[in-house]
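Okay, so here's the structure we're looking at.
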Amino acid sequence: SGGLVAFPTETVYGLGANARDGHAVARIFQAKGRPQDNPLIVHIANLADLQAVVADITDDAWALARAFWPGPLTIILPVREGIAREVTAGGDTVAVRMPSHPVAMALIRAAGLPIAAPSANISGRPSPTRADHVWADLAGRIEMIVDGGPAGIGVESTVLDLTSSPPLVLRPGGVSVEELRRIVPDARVLPRYGTGAAEGDEREGPARSPGLRHEHYSPRAQLWLFTGEWEAQVQAIASRARAEAEAGRRVGLLVSVQTIRTADKAGIPNTVIIAEAGSRSCLGSVASRLFDTMRHLDSQDVQIILAESYDTAGVGLAVMNRLVRSAGGRLVDAGEPG
Ligand code: TXA
Ligand code: MG
């Protein structure tokens, strides 16, 4: 009936509306404060629905759907008539995915409609991985939140543009590039973790996915991302934390269990708030906690967040993409341990 319903998916919470109702979809943009030119993902619950949303299903699309759906992969294809133009931001392509979360599936089936849904956060904020994150951002602006507990994966779906040749990963996410290339071996990825800081022939990337320009996954505090050898990062983070704390600023650390263990010795002042980001040996644990730890540090009113870097293999690429974009250029090269 034209209302907005936030619901859990296996990646993050989405803010859903009837994808065929332009007024309902327009309300998503209002509720989030989302720029009008940033198109939405259409969520479906079975393969027959794909035919109703896109104009042409390529061989790659069938193969990807068979391999990864339901699951955290979004594909971009030419749009079919009947999808509200607000969904595609007036463009001739549409992003589609079939989420694997049982509550998302049940909602789409009960509605009997394709559901347009961005992440259910205020535009620019970290995506919500729990119902209370949605509540914090959108209470009073939307009709309903379906609470299905914490989202499992914690970072958004991988967005793959199948209308470009070779296919282009516009956003790394829950399905890794390594996994994708088993089905589409020639898939390209934007350099520098898909941050839009592209060079040469990759320069078209940001224009292709408007989301690359707009969203920053930003905590309210200034996030600084440390790079270089891990031991050097631990040292640099510890000494920066000391300096900031001594200067009277409220500092938060977004760091792995390994860093927490090691940095104790390096002498981090106990006024510094430490949020455990997960384990360096299981980047899925970092992905699932990433946005929640950013929101937790914000709730502690820290002014500065110091974060470490991770390997870009597997889901690590999605983690680093979100961290680089949260840092918005505040990168610190710690070099080698000194
Ligand atoms: O995991 C997810 O994908 C979550 C859950 C709710 O499904 N949704 C999500 O939606 O992250 P959103 O709107 O926050 O991100 C969608 C991304 C944006 O970067 C947007 O620009 C891009 O997909 N996108 C959507 N339609 C597109 C299109 N037709 N062409 C290029 N990029 C598109
Ligand atoms: Mg989003």
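FYI, nothing fancy with the structure tokens labels: chains A, B, ... in order, residues from 1 per chain, ligands from 1 as they appear.
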
request  = Step by step, measure atom-to-atom distances between ligand 2 and each residue using only C-alpha atoms and all ligand atoms, keep those at most 10 Å, then write them as a count of residues only.
outcome  = 28

inquiry  = DSSP on the backbone, strand (DSSP E or B) only: what residues of segment 87-324 of chain A does that give? Format it as a PyMOL selection string.
reply    = chain A and resi 93-97+115-117+119+144-145+158-161+168-171+188-189+222-227+251-255+273-276+279+282+304-307

Pick from A:Val302, A:Val103, A:Leu4, A:Val159 nearest to ligand 1, counting only C-alpha atoms and all ligand atoms =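 Among A:Val302, A:Val103, A:Leu4, A:Val159, it is A:Val159 that comes nearest to ligand 1.
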
ask   = Nearest to ligand 1: which of A:Tyr310, A:Trp69, A:Phe7, A:Trp62 is it, counting only C-alpha atoms and all ligand atoms?
value =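 For ligand 1, the nearest of the candidates is A:Phe7.
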
task = Between atom CA of Ile28 of chain A and atom CA of Glu86 of chain A, measure the distance and give it in Å to one decimal.
result = 9.7 Å

ask   = Which residue out of A:Ala52, A:Val134, A:Ile304, A:Leu168 has the minimum interatomic distance to Ser218 of chain A when only C-alpha atoms are used?
value = A:Ile304

message = Residues near His296 of chain A, anyone? I mean within 12 Å using only C-alpha atoms, not counting same-chain ones fewer than 2 positions away, as a PyMOL selection string.
response = chain A and resi 126+128-130+132-133+136+219-221+252-254+273-277+289-294+298-302+305

Selection: 12 Å around Gly16 of chain A, only C-alpha atoms, excl. self and same-chain fewer than 6 positions, as a PyMOL selection string = chain A and resi 2-9+24-29+31-32+40-44+87+104+107-108+111+113-121+142-146

Output file for the selection above: N, CA and C atoms, as a short mmCIF file (atom, residue, chain, number, x, y, z; two decimals), in the first residue's frame:
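Listed below is the output, result.cif:
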```
data_model
loop_
_atom_site.label_atom_id
_atom_site.label_comp_id
_atom_site.auth_asym_id
_atom_site.auth_seq_id
_atom_site.Cartn_x
_atom_site.Cartn_y
_atom_site.Cartn_z
N GLY A 2 2.07 1.17 -0.47
CA GLY A 2 2.89 2.36 -0.65
C GLY A 2 3.75 2.73 0.54
N GLY A 3 3.77 1.86 1.58
CA GLY A 3 4.58 2.15 2.76
C GLY A 3 6.01 1.65 2.61
N LEU A 4 6.83 2.02 3.59
CA LEU A 4 8.23 1.60 3.61
C LEU A 4 8.47 0.61 4.75
N VAL A 5 9.07 -0.53 4.43
CA VAL A 5 9.33 -1.57 5.43
C VAL A 5 10.81 -1.92 5.43
N ALA A 6 11.46 -1.72 6.57
CA ALA A 6 12.85 -2.16 6.71
C ALA A 6 12.86 -3.64 7.07
N PHE A 7 13.78 -4.38 6.46
CA PHE A 7 13.80 -5.84 6.67
C PHE A 7 15.24 -6.35 6.62
N PRO A 8 15.48 -7.49 7.31
CA PRO A 8 16.83 -8.05 7.32
C PRO A 8 17.14 -8.76 6.01
N THR A 9 18.38 -8.67 5.57
CA THR A 9 18.88 -9.58 4.53
C THR A 9 20.15 -10.21 5.09
N ALA A 24 5.90 5.31 -3.84
CA ALA A 24 6.49 4.57 -2.71
C ALA A 24 8.02 4.64 -2.79
N VAL A 25 8.55 4.44 -3.99
CA VAL A 25 10.01 4.44 -4.15
C VAL A 25 10.57 5.84 -3.88
N ALA A 26 9.85 6.86 -4.30
CA ALA A 26 10.31 8.23 -4.05
C ALA A 26 10.43 8.50 -2.55
N ARG A 27 9.54 7.87 -1.76
CA ARG A 27 9.59 8.06 -0.30
C ARG A 27 10.87 7.48 0.31
N ILE A 28 11.43 6.43 -0.33
CA ILE A 28 12.71 5.88 0.16
C ILE A 28 13.78 6.97 0.12
N PHE A 29 13.83 7.70 -0.99
CA PHE A 29 14.85 8.74 -1.16
C PHE A 29 14.68 9.83 -0.10
N ALA A 31 13.18 9.47 2.92
CA ALA A 31 13.45 8.96 4.27
C ALA A 31 14.95 8.88 4.54
N LYS A 32 15.72 8.51 3.52
CA LYS A 32 17.17 8.33 3.69
C LYS A 32 17.97 9.61 3.47
N LEU A 40 18.43 2.17 -7.14
CA LEU A 40 18.21 1.17 -6.09
C LEU A 40 18.29 -0.25 -6.65
N ILE A 41 18.50 -1.20 -5.73
CA ILE A 41 18.51 -2.62 -6.09
C ILE A 41 17.09 -3.18 -5.96
N VAL A 42 16.65 -3.95 -6.98
CA VAL A 42 15.37 -4.64 -6.90
C VAL A 42 15.61 -6.04 -6.36
N HIS A 43 14.83 -6.41 -5.33
CA HIS A 43 14.97 -7.71 -4.69
C HIS A 43 13.86 -8.64 -5.13
N ILE A 44 14.23 -9.85 -5.53
CA ILE A 44 13.27 -10.84 -6.00
C ILE A 44 13.42 -12.13 -5.20
N VAL A 87 13.37 3.88 -9.41
CA VAL A 87 14.26 2.79 -9.01
C VAL A 87 15.59 2.88 -9.76
N ALA A 104 13.68 -12.01 4.43
CA ALA A 104 13.60 -11.24 3.18
C ALA A 104 12.79 -12.00 2.15
N LEU A 107 9.12 -11.99 3.02
CA LEU A 107 8.51 -10.68 2.79
C LEU A 107 8.22 -10.47 1.30
N ILE A 108 9.19 -10.79 0.46
CA ILE A 108 8.99 -10.59 -0.99
C ILE A 108 7.85 -11.49 -1.48
N ALA A 111 4.50 -10.15 -0.24
CA ALA A 111 4.10 -8.94 -0.97
C ALA A 111 3.69 -9.29 -2.39
N LEU A 113 5.55 -8.98 -4.95
CA LEU A 113 6.06 -7.87 -5.76
C LEU A 113 7.58 -7.89 -5.74
N PRO A 114 8.20 -7.32 -6.77
CA PRO A 114 9.63 -7.03 -6.63
C PRO A 114 9.78 -5.86 -5.66
N ILE A 115 10.76 -5.94 -4.76
CA ILE A 115 10.94 -4.91 -3.73
C ILE A 115 12.23 -4.13 -3.97
N ALA A 116 12.07 -2.82 -4.19
CA ALA A 116 13.24 -1.95 -4.33
C ALA A 116 13.74 -1.62 -2.94
N ALA A 117 15.04 -1.80 -2.70
CA ALA A 117 15.56 -1.53 -1.35
C ALA A 117 17.03 -1.16 -1.37
N PRO A 118 17.34 0.03 -0.86
CA PRO A 118 18.73 0.36 -0.54
C PRO A 118 19.00 -0.10 0.88
N SER A 119 20.23 0.07 1.35
CA SER A 119 20.50 -0.18 2.76
C SER A 119 19.68 0.80 3.60
N ALA A 120 19.22 0.34 4.78
CA ALA A 120 18.24 1.10 5.56
C ALA A 120 18.90 2.07 6.54
N ASN A 121 19.82 2.88 6.04
CA ASN A 121 20.51 3.88 6.86
C ASN A 121 20.24 5.27 6.29
N ILE A 142 9.55 5.87 8.65
CA ILE A 142 9.12 4.71 7.87
C ILE A 142 8.02 3.98 8.62
N GLU A 143 7.27 3.12 7.90
CA GLU A 143 6.10 2.48 8.49
C GLU A 143 6.47 1.34 9.44
N MET A 144 7.52 0.59 9.10
CA MET A 144 7.74 -0.65 9.86
C MET A 144 9.19 -1.12 9.77
N ILE A 145 9.64 -1.75 10.87
CA ILE A 145 10.93 -2.46 10.85
C ILE A 145 10.65 -3.91 11.21
N VAL A 146 11.06 -4.85 10.37
CA VAL A 146 10.98 -6.26 10.71
C VAL A 146 12.33 -6.64 11.30
#
```

task = Would you return as a PyMOL selection string the members of segment 218-298 of chain A that DSSP assigns to alpha helix (DSSP H) on this structure's backbone?
result = chain A and resi 230-246+257-266+283-298
